[in-house]
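Enquirer: What follows is protein-v4.tsv, made up of TSV, C-alpha atoms:
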chain	number	residue	atom	x	y	z
E	1	MET	CA	0.00	0.00	0.00
E	2	ASN	CA	1.37	3.39	-0.94
E	3	THR	CA	-0.04	6.54	0.66
E	4	VAL	CA	1.14	10.12	0.38
E	5	ASP	CA	0.71	12.69	3.13
E	6	SER	CA	1.09	16.28	1.93
E	7	ASP	CA	3.27	17.08	4.98
E	8	ALA	CA	5.51	14.01	4.61
E	9	LEU	CA	9.07	14.34	3.40
E	10	LEU	CA	9.71	12.10	0.43
E	11	PRO	CA	13.15	10.75	-0.50
E	12	GLU	CA	14.95	12.50	-3.31
E	13	PRO	CA	14.24	10.71	-6.60
E	14	ARG	CA	17.00	8.44	-7.84
E	15	PRO	CA	18.10	8.35	-11.47
E	16	GLY	CA	16.60	5.48	-13.43
E	17	PHE	CA	19.37	5.53	-16.02
E	18	GLY	CA	22.79	7.00	-16.65
E	19	GLY	CA	24.88	4.92	-14.31
E	20	ARG	CA	24.66	3.55	-10.84
E	21	PRO	CA	22.53	5.61	-8.44
E	22	PRO	CA	24.18	6.81	-5.22
E	23	SER	CA	23.70	4.57	-2.20
E	24	LEU	CA	22.05	5.91	0.93
E	25	ALA	CA	23.92	3.34	3.02
E	26	GLU	CA	27.54	4.04	3.87
E	27	MET	CA	30.01	1.64	5.50
E	28	VAL	CA	33.18	2.70	7.32
E	29	THR	CA	35.70	0.24	8.77
E	30	VAL	CA	38.07	1.26	11.60
E	31	HIS	CA	41.04	-0.88	12.69
E	32	ASP	CA	41.82	-0.50	16.41
E	33	GLY	CA	44.75	-2.82	17.03
E	34	PRO	CA	43.50	-6.39	16.63
E	35	ALA	CA	39.85	-5.30	16.87
E	36	VAL	CA	37.93	-4.01	13.88
E	37	ARG	CA	34.78	-1.86	13.98
E	38	HIS	CA	32.33	-1.50	11.11
E	39	GLU	CA	29.89	1.43	11.16
E	40	LEU	CA	26.92	1.29	8.82
E	41	THR	CA	24.99	4.55	8.37
E	42	LEU	CA	21.59	4.61	6.68
E	43	ALA	CA	20.14	7.87	5.39
E	44	PRO	CA	16.42	8.49	4.97
E	45	GLY	CA	15.22	6.92	1.75
E	46	ALA	CA	17.70	4.03	1.87
E	47	THR	CA	16.30	0.94	0.25
E	48	ALA	CA	16.59	-2.71	1.23
E	49	ALA	CA	19.06	-3.04	-1.66
E	50	ASP	CA	21.25	-0.26	-0.16
E	51	LEU	CA	21.22	-2.01	3.23
E	52	THR	CA	21.94	-5.44	1.77
E	53	THR	CA	24.80	-4.15	-0.38
E	54	ALA	CA	26.45	-2.55	2.67
E	55	MET	CA	25.77	-5.48	5.04
E	56	ILE	CA	27.60	-8.02	2.87
E	57	LEU	CA	30.81	-6.08	3.65
E	58	ILE	CA	30.47	-6.86	7.38
E	59	PRO	CA	31.86	-10.26	8.43
E	60	PRO	CA	29.15	-12.66	9.65
E	61	ALA	CA	30.83	-13.09	13.07
E	62	ALA	CA	30.83	-9.33	13.82
E	63	SER	CA	28.47	-8.36	16.66
E	64	LEU	CA	26.30	-5.30	17.01
E	65	ILE	CA	27.77	-3.22	19.86
E	66	SER	CA	25.87	0.05	19.53
E	67	HIS	CA	23.38	2.00	17.52
E	68	HIS	CA	22.50	5.67	17.35
E	69	GLY	CA	20.72	8.14	15.20
E	70	ASP	CA	18.16	10.82	14.80
E	71	VAL	CA	17.71	11.37	11.09
E	72	ASP	CA	20.42	8.97	9.90
E	73	VAL	CA	20.68	5.63	11.69
E	74	SER	CA	24.09	4.16	12.50
E	75	LEU	CA	24.76	0.56	13.46
E	76	VAL	CA	28.20	-0.26	14.88
E	77	PHE	CA	29.52	-3.82	14.68
E	78	ARG	CA	32.72	-5.15	16.28
E	79	GLU	CA	34.87	-7.92	14.93
E	80	VAL	CA	37.70	-9.50	16.94
E	81	PRO	CA	40.17	-11.82	15.23
E	82	ARG	CA	40.33	-15.38	16.56
E	83	GLY	CA	42.71	-15.96	19.43
E	84	VAL	CA	42.30	-12.42	20.81
E	85	PRO	CA	40.29	-11.98	24.03
E	86	ASP	CA	37.01	-10.13	23.56
E	87	ASP	CA	37.31	-7.01	25.76
E	88	PRO	CA	34.29	-4.82	26.34
E	89	PRO	CA	33.98	-2.02	23.76
E	90	ARG	CA	35.64	1.27	24.64
E	91	GLY	CA	34.03	4.68	24.47
Could I get this file's structure written as C-alpha coordinates?

Expert:
Amino acid sequence: MNTVDSDALLPEPRPGFGGRPPSLAEMVTVHDGPAVRHELTLAPGATAADLTTAMILIPPAASLISHHGDVDVSLVFREVPRGVPDDPPRG
(Lines of atoms letter the chains of each structure in order from A and count residues from 1; the text may use other names and numbers.)
(Lines give C-alpha, C1' and ligand atoms only; values in the text may rest on other atoms or scores of the structure.)
Protein backbone atom coordinates (compact mmCIF):
# COMPACT_ATOMS: atom_id res chain seq x y z
CA MET A 1 0.00 0.00 0.00
CA ASN A 2 1.37 3.39 -0.94
CA THR A 3 -0.04 6.54 0.66
CA VAL A 4 1.14 10.12 0.38
CA ASP A 5 0.71 12.69 3.13
CA SER A 6 1.09 16.28 1.93
CA ASP A 7 3.27 17.08 4.98
CA ALA A 8 5.51 14.01 4.61
CA LEU A 9 9.07 14.34 3.40
CA LEU A 10 9.71 12.10 0.43
CA PRO A 11 13.15 10.75 -0.50
CA GLU A 12 14.95 12.50 -3.31
CA PRO A 13 14.24 10.71 -6.60
CA ARG A 14 17.00 8.44 -7.84
CA PRO A 15 18.10 8.35 -11.47
CA GLY A 16 16.60 5.48 -13.43
CA PHE A 17 19.37 5.53 -16.02
CA GLY A 18 22.79 7.00 -16.65
CA GLY A 19 24.88 4.92 -14.31
CA ARG A 20 24.66 3.55 -10.84
CA PRO A 21 22.53 5.61 -8.44
CA PRO A 22 24.18 6.81 -5.22
CA SER A 23 23.70 4.57 -2.20
CA LEU A 24 22.05 5.91 0.93
CA ALA A 25 23.92 3.34 3.02
CA GLU A 26 27.54 4.04 3.87
CA MET A 27 30.01 1.64 5.50
CA VAL A 28 33.18 2.70 7.32
CA THR A 29 35.70 0.24 8.77
CA VAL A 30 38.07 1.26 11.60
CA HIS A 31 41.04 -0.88 12.69
CA ASP A 32 41.82 -0.50 16.41
CA GLY A 33 44.75 -2.82 17.03
CA PRO A 34 43.50 -6.39 16.63
CA ALA A 35 39.85 -5.30 16.87
CA VAL A 36 37.93 -4.01 13.88
CA ARG A 37 34.78 -1.86 13.98
CA HIS A 38 32.33 -1.50 11.11
CA GLU A 39 29.89 1.43 11.16
CA LEU A 40 26.92 1.29 8.82
CA THR A 41 24.99 4.55 8.37
CA LEU A 42 21.59 4.61 6.68
CA ALA A 43 20.14 7.87 5.39
CA PRO A 44 16.42 8.49 4.97
CA GLY A 45 15.22 6.92 1.75
CA ALA A 46 17.70 4.03 1.87
CA THR A 47 16.30 0.94 0.25
CA ALA A 48 16.59 -2.71 1.23
CA ALA A 49 19.06 -3.04 -1.66
CA ASP A 50 21.25 -0.26 -0.16
CA LEU A 51 21.22 -2.01 3.23
CA THR A 52 21.94 -5.44 1.77
CA THR A 53 24.80 -4.15 -0.38
CA ALA A 54 26.45 -2.55 2.67
CA MET A 55 25.77 -5.48 5.04
CA ILE A 56 27.60 -8.02 2.87
CA LEU A 57 30.81 -6.08 3.65
CA ILE A 58 30.47 -6.86 7.38
CA PRO A 59 31.86 -10.26 8.43
CA PRO A 60 29.15 -12.66 9.65
CA ALA A 61 30.83 -13.09 13.07
CA ALA A 62 30.83 -9.33 13.82
CA SER A 63 28.47 -8.36 16.66
CA LEU A 64 26.30 -5.30 17.01
CA ILE A 65 27.77 -3.22 19.86
CA SER A 66 25.87 0.05 19.53
CA HIS A 67 23.38 2.00 17.52
CA HIS A 68 22.50 5.67 17.35
CA GLY A 69 20.72 8.14 15.20
CA ASP A 70 18.16 10.82 14.80
CA VAL A 71 17.71 11.37 11.09
CA ASP A 72 20.42 8.97 9.90
CA VAL A 73 20.68 5.63 11.69
CA SER A 74 24.09 4.16 12.50
CA LEU A 75 24.76 0.56 13.46
CA VAL A 76 28.20 -0.26 14.88
CA PHE A 77 29.52 -3.82 14.68
CA ARG A 78 32.72 -5.15 16.28
CA GLU A 79 34.87 -7.92 14.93
CA VAL A 80 37.70 -9.50 16.94
CA PRO A 81 40.17 -11.82 15.23
CA ARG A 82 40.33 -15.38 16.56
CA GLY A 83 42.71 -15.96 19.43
CA VAL A 84 42.30 -12.42 20.81
CA PRO A 85 40.29 -11.98 24.03
CA ASP A 86 37.01 -10.13 23.56
CA ASP A 87 37.31 -7.01 25.76
CA PRO A 88 34.29 -4.82 26.34
CA PRO A 89 33.98 -2.02 23.76
CA ARG A 90 35.64 1.27 24.64
CA GLY A 91 34.03 4.68 24.47

Enquirer: Between E:Glu79, E:Asp32, E:Asp72, E:Glu26, which residue has the minimum interatomic distance to Met55 (chain E), considering only C-alpha atoms?

Expert: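 The shortest atom-to-atom distance to Met55 (chain E) comes from E:Glu26.
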
Enquirer: Distance CA of Val80 (chain E)-CA of Thr41 (chain E), one decimal place?

Expert: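 Answer for the CA of Val80 (chain E) to CA of Thr41 (chain E) separation: 20.8 Å.
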
Enquirer: Rounded to one decimal place, report the CA of Glu39 (chain E)-CA of Ile58 (chain E) distance in Å.

Expert: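 Interatomic distance, CA of Glu39 (chain E) to CA of Ile58 (chain E): 9.1 Å.
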
Enquirer: Quick one: of E:Ala25, E:Leu40, E:Asp50, E:Pro34, who's nearest to Phe77 (chain E), counting all atoms listed in the file?

Expert: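 That would be E:Leu40, the residue with the smallest distance to Phe77 (chain E).
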
Enquirer: Suppose you want the space between CA of Ala62 (chain E) and CA of Ala48 (chain E); what is it in Å?

Expert: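 CA of Ala62 (chain E) sits 20.1 Å away from CA of Ala48 (chain E).
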
Enquirer: Restricting the calculation to all atoms listed in the file: of E:Val76, E:Ile65, E:Val71, E:Leu24, which residue gets closest to Leu42 (chain E)?

Expert: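 Using all atoms listed in the file, the shortest distance to Leu42 (chain E) belongs to E:Leu24.
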
Enquirer: Taking (23.1, 3.0, 25.0) in the coordinates of the supplied file, I want to know which residues reach to within 12 Å of it, counting all atoms listed in the file; could you give the answer as a ChimeraX atom specification?

Expert: /E:64-69,75-76,91
